[in-house]
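Peer 1: Input file: structure_32.tsv. Contents: TSV, C-alpha atoms.
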chain	number	residue	atom	x	y	z
A	155	MET	CA	-5.37	-21.45	-5.69
A	156	ILE	CA	-4.84	-20.28	-2.11
A	157	ARG	CA	-1.49	-18.73	-1.22
A	158	PRO	CA	-0.03	-16.37	1.38
A	159	LEU	CA	-0.85	-12.69	0.99
A	160	ASP	CA	2.10	-10.75	-0.40
A	161	ASN	CA	1.56	-7.44	1.42
A	162	ALA	CA	3.35	-5.34	-1.21
A	163	ALA	CA	2.25	-7.10	-4.40
A	164	ASP	CA	-1.37	-7.96	-3.47
A	165	ALA	CA	-2.48	-4.82	-1.61
A	166	GLU	CA	-3.92	-2.97	-4.61
A	167	ALA	CA	-5.88	-6.02	-5.73
A	168	CYS	CA	-7.34	-6.33	-2.22
A	169	ASP	CA	-8.21	-2.61	-2.28
A	170	ALA	CA	-10.05	-3.17	-5.58
A	171	ILE	CA	-12.04	-6.04	-4.05
A	172	ILE	CA	-13.13	-3.80	-1.18
A	173	ALA	CA	-14.08	-1.07	-3.68
A	174	SER	CA	-16.28	-3.60	-5.52
A	175	LEU	CA	-18.36	-4.15	-2.36
A	176	PRO	CA	-19.69	-0.76	-1.22
A	177	ASP	CA	-22.68	-2.37	0.52
A	178	TRP	CA	-20.28	-4.07	2.94
A	179	PHE	CA	-17.32	-1.71	2.88
A	180	GLY	CA	-18.70	1.76	2.38
A	181	LEU	CA	-17.25	3.62	5.37
A	182	GLU	CA	-14.08	5.58	4.69
A	183	GLN	CA	-12.41	4.59	7.97
A	184	GLY	CA	-13.10	0.91	7.34
A	185	ILE	CA	-11.62	1.16	3.85
A	186	LEU	CA	-8.50	2.80	5.29
A	187	ASP	CA	-8.24	0.19	8.06
A	188	CYS	CA	-8.53	-2.65	5.55
A	189	ALA	CA	-5.92	-1.03	3.30
A	190	ALA	CA	-3.54	-0.90	6.26
A	191	ALA	CA	-4.26	-4.53	7.18
A	192	VAL	CA	-3.53	-5.94	3.73
A	193	ARG	CA	-0.21	-4.06	3.81
A	194	THR	CA	0.89	-5.19	7.27
A	195	GLN	CA	-0.94	-8.28	8.57
A	196	ASP	CA	-0.66	-11.96	7.84
A	197	GLY	CA	-3.15	-13.11	5.24
A	198	LEU	CA	-4.15	-15.42	2.44
A	199	VAL	CA	-5.43	-14.77	-1.05
A	200	ALA	CA	-7.50	-16.88	-3.42
A	201	THR	CA	-6.39	-16.47	-7.02
A	202	ASP	CA	-7.74	-17.44	-10.41
A	203	GLN	CA	-5.14	-17.35	-13.19
A	204	ASP	CA	-2.90	-15.22	-10.94
A	205	VAL	CA	-5.68	-12.65	-10.32
A	206	VAL	CA	-6.58	-12.11	-6.65
A	207	ARG	CA	-10.30	-12.84	-6.30
A	208	ALA	CA	-10.63	-13.04	-2.49
A	209	PHE	CA	-8.53	-12.46	0.60
A	210	CYS	CA	-8.46	-12.61	4.36
A	211	THR	CA	-6.15	-11.04	6.94
A	212	TRP	CA	-5.69	-12.00	10.56
A	213	THR	CA	-3.89	-11.31	13.79
A	214	GLY	CA	-3.07	-13.75	16.54
A	215	GLU	CA	-2.10	-13.86	20.16
A	216	GLY	CA	-1.44	-16.94	22.24
A	217	ASP	CA	-3.61	-19.75	20.91
A	218	VAL	CA	-6.33	-17.48	19.41
A	219	ALA	CA	-6.35	-15.85	15.97
A	220	GLU	CA	-8.88	-13.33	14.70
A	221	ILE	CA	-9.88	-12.60	11.13
A	222	THR	CA	-9.58	-8.85	10.70
A	223	TRP	CA	-10.80	-8.56	7.08
A	224	MET	CA	-12.25	-10.99	4.58
A	225	ALA	CA	-13.83	-10.34	1.19
A	226	ALA	CA	-14.40	-11.87	-2.21
A	227	ASP	CA	-14.73	-9.83	-5.39
A	228	ARG	CA	-18.38	-9.25	-6.26
A	229	GLY	CA	-18.06	-11.49	-9.35
A	230	ALA	CA	-16.38	-14.28	-7.36
A	231	ARG	CA	-18.90	-14.64	-4.55
A	232	ARG	CA	-20.55	-18.02	-3.93
A	233	GLN	CA	-17.80	-19.94	-5.73
A	234	GLY	CA	-16.24	-21.57	-2.65
A	235	LEU	CA	-13.37	-19.10	-2.26
A	236	GLY	CA	-14.38	-18.07	1.25
A	237	ARG	CA	-14.60	-21.67	2.42
A	238	ALA	CA	-11.24	-22.42	0.79
A	239	LEU	CA	-9.67	-19.43	2.58
A	240	ILE	CA	-11.08	-20.56	5.95
A	241	ASP	CA	-9.87	-24.14	5.39
A	242	ALA	CA	-6.39	-22.94	4.43
A	243	LEU	CA	-6.28	-20.52	7.35
A	244	ARG	CA	-7.17	-23.31	9.77
A	245	ASP	CA	-4.26	-25.34	8.39
A	246	VAL	CA	-1.86	-22.40	8.87
A	247	LEU	CA	-3.10	-21.80	12.40
A	248	ARG	CA	-2.77	-25.48	13.33
A	249	GLU	CA	0.84	-25.39	12.13
A	250	ARG	CA	1.40	-22.39	14.43
A	251	GLY	CA	-0.12	-24.21	17.40
A	252	MET	CA	-3.23	-22.06	17.58
A	253	GLU	CA	-6.51	-23.55	18.75
A	254	GLU	CA	-9.27	-21.05	17.98
A	255	LEU	CA	-10.24	-18.67	15.19
A	256	ARG	CA	-12.52	-15.70	15.90
A	257	VAL	CA	-14.21	-13.04	13.82
A	258	LYS	CA	-16.39	-10.03	14.59
A	259	THR	CA	-19.15	-8.97	12.23
A	260	LEU	CA	-22.34	-6.95	12.29
A	261	SER	CA	-24.89	-8.52	14.63
A	262	SER	CA	-28.38	-9.68	13.72
A	263	ARG	CA	-29.55	-6.77	15.92
A	264	HIS	CA	-28.83	-4.69	12.81
A	265	PRO	CA	-31.21	-5.29	9.88
A	266	ASP	CA	-28.57	-5.15	7.10
A	267	PRO	CA	-29.34	-8.09	4.73
A	268	GLY	CA	-25.77	-8.25	3.41
A	269	TYR	CA	-24.42	-8.95	6.85
A	270	GLY	CA	-27.15	-11.56	7.27
A	271	GLU	CA	-25.42	-13.32	4.36
A	272	THR	CA	-22.05	-12.80	6.07
A	273	ARG	CA	-23.26	-14.42	9.30
A	274	ALA	CA	-24.82	-17.27	7.33
A	275	PHE	CA	-21.48	-17.87	5.59
A	276	TYR	CA	-19.59	-18.03	8.88
A	277	ARG	CA	-22.18	-20.41	10.35
A	278	ALA	CA	-22.00	-22.61	7.22
A	279	VAL	CA	-18.23	-23.02	7.64
A	280	GLY	CA	-18.60	-23.95	11.30
A	281	PHE	CA	-18.39	-20.73	13.34
A	282	GLU	CA	-20.65	-20.33	16.35
A	283	GLU	CA	-21.81	-17.09	17.93
A	284	ILE	CA	-20.34	-16.58	21.39
A	285	ALA	CA	-21.04	-12.96	22.37
A	286	GLU	CA	-22.92	-9.84	21.39
A	287	LEU	CA	-20.64	-6.79	21.56
A	288	ASP	CA	-20.98	-3.02	21.41
A	289	VAL	CA	-17.43	-2.31	20.21
A	290	TRP	CA	-18.52	-0.26	17.18
A	291	GLY	CA	-21.19	1.79	18.91
A	292	PRO	CA	-24.95	1.30	19.33
A	293	GLU	CA	-25.71	1.93	15.65
A	294	ASP	CA	-23.39	-0.92	14.60
A	295	PRO	CA	-23.87	-3.82	17.03
A	296	ALA	CA	-21.34	-6.60	16.66
A	297	VAL	CA	-21.30	-10.32	17.23
A	298	LEU	CA	-18.22	-12.39	18.04
A	299	LEU	CA	-18.01	-15.83	16.44
A	300	ARG	CA	-15.52	-18.63	17.00
A	301	LEU	CA	-14.31	-21.77	15.27
A	302	SER	CA	-12.05	-24.47	16.66
A	303	VAL	CA	-8.94	-24.84	14.57
Output the file's structure as structure tokens, nothing else.
Peer 2:
Amino acid sequence: MIRPLDNAADAEACDAIIASLPDWFGLEQGILDCAAAVRTQDGLVATDQDVVRAFCTWTGEGDVAEITWMAADRGARRQGLGRALIDALRDVLRERGMEELRVKTLSSRHPDPGYGETRAFYRAVGFEEIAELDVWGPEDPAVLLRLSV
């Protein structure tokens, strides 16, 4: 089931998901930034028997929204939860009159295989790469992807 993120009630479950994925979320500042996002930003969660198994948070301005954090518990990966979150988020954004969804992730200029999977996921749900960025420094090149809502 997909439902809105309850910032107060769901935050610890989202923190636990991040903790289960040290290969993706191993930097202390990133963990702190994600913890702040799940406590303050709009978001959605995917649940199984009332247990949060995946989540996403986002911000929006004008007609563009951006996913700030998205993760599925290690044991819940490849079960369609990410696709369900993206589909539900597109519905929410359409209702709000938004036209585009963006996300930044580690670029293919970085050899990390986990983020290769991340980019493949975003491409599989319809995102297209629109720009290479150096917002995280030269050791962590980024790519900006977009999806029409």
Peer 1: Can you work out which one of A:Thr259, A:Gln195, A:Thr201, A:Ser174 has the shortest atom-to-atom distance to Ala219 (chain A), counting only C-alpha atoms?
Peer 2: A:Gln195
Peer 1: Could you make a table, as JSON lines, of the residues of region 214-252 of chain A that have an atom within 12 Å of an atom of region 286-302 of chain A, each with its nearest atom pair and distance in Å to one decimal, counting all atoms listed in the file, in chain and number order?
Peer 2:
{"residue": "A:Asp217", "atom": "CA", "partner": "A:Ser302", "partner_atom": "CA", "distance": 10.6}
{"residue": "A:Val218", "atom": "CA", "partner": "A:Ser302", "partner_atom": "CA", "distance": 9.4}
{"residue": "A:Ala219", "atom": "CA", "partner": "A:Arg300", "partner_atom": "CA", "distance": 9.6}
{"residue": "A:Glu220", "atom": "CA", "partner": "A:Arg300", "partner_atom": "CA", "distance": 8.8}
{"residue": "A:Ile221", "atom": "CA", "partner": "A:Arg300", "partner_atom": "CA", "distance": 10.1}
{"residue": "A:Thr222", "atom": "CA", "partner": "A:Leu298", "partner_atom": "CA", "distance": 11.9}
{"residue": "A:Ile240", "atom": "CA", "partner": "A:Leu301", "partner_atom": "CA", "distance": 9.9}
{"residue": "A:Asp241", "atom": "CA", "partner": "A:Leu301", "partner_atom": "CA", "distance": 11.1}
{"residue": "A:Leu243", "atom": "CA", "partner": "A:Leu301", "partner_atom": "CA", "distance": 11.3}
{"residue": "A:Arg244", "atom": "CA", "partner": "A:Ser302", "partner_atom": "CA", "distance": 8.5}
{"residue": "A:Asp245", "atom": "CA", "partner": "A:Ser302", "partner_atom": "CA", "distance": 11.4}
{"residue": "A:Leu247", "atom": "CA", "partner": "A:Ser302", "partner_atom": "CA", "distance": 10.3}
{"residue": "A:Arg248", "atom": "CA", "partner": "A:Ser302", "partner_atom": "CA", "distance": 9.9}
{"residue": "A:Gly251", "atom": "CA", "partner": "A:Ser302", "partner_atom": "CA", "distance": 12.0}
{"residue": "A:Met252", "atom": "CA", "partner": "A:Ser302", "partner_atom": "CA", "distance": 9.2}
Peer 1: Could you check the closest approach to Ala170 (chain A) for each of A:Ala189, A:His264, A:Asp202, A:Glu271 and tell me which residue wins, using only C-alpha atoms?
Peer 2: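 Closest to Ala170 (chain A) of all the choices is A:Ala189.
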Peer 1: I want to know what sits within 10 Å of Val205 (chain A), based on all atoms listed in the file, with residues of the same chain fewer than 4 positions away left out; could you give that as a list in words?
Peer 2: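 My list of contacting residues is Met155, Asp164, Ala167, Val199, Ala200 and Thr201 of chain A.
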Peer 1: How far is it from CA of Leu255 (chain A) to CA of Val279 (chain A), in Å with one decimal?
Peer 2: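 CA of Val279 (chain A) lies at a distance of 11.8 Å from CA of Leu255 (chain A).
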Peer 1: Using Å and a single decimal, report how far CA of Glu249 (chain A) sits from CA of Ala165 (chain A).
Peer 2: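 It comes out at 25.0 Å.
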Peer 1: Skip Ile172 (chain A) itself and residues of its chain fewer than 5 positions away, then list as a ChimeraX atom specification all residues within 8 Å of it, counting all atoms listed in the file.
Peer 2: /A:179,185,225,227
Peer 1: Compare A:Gly184, A:Gly270, A:Gly229, A:Gly234 by their minimum atom-to-atom distance to Ile156 (chain A), counting all atoms listed in the file, and give me the closest one.
Peer 2: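 Checking each of A:Gly184, A:Gly270, A:Gly229, A:Gly234 against Ile156 (chain A), counting all atoms listed in the file, the winner is A:Gly234.
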Peer 1: Within 9 Å of Arg237 (chain A), counting only C-alpha atoms, which residues show up once you throw out same-chain ones fewer than 6 positions away? Write them as number ranges by chain, please.
Peer 2: A: 275-276, 278-279
Peer 1: Using only C-alpha atoms, determine which residues lie at most 8 Å from Leu159 (chain A), disregarding the query and same-chain residues fewer than 4 positions distant; provide the list as a ChimeraX atom specification.
Peer 2: /A:164,192,196-199,209
Peer 1: Expressed in Å to a single decimal, how great is the separation between CA of Asp169 (chain A) and CA of Asp187 (chain A)?
Peer 2: 10.7 Å
Peer 1: Let me make sure I understand: among A:Glu282, A:Glu215, A:Gly236, A:Arg273, which one has the smallest atom-to-atom distance to Ser261 (chain A) if we use all atoms listed in the file?
Peer 2: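 When distances to Ser261 (chain A) are compared using all atoms listed in the file, the smallest one comes from A:Arg273.
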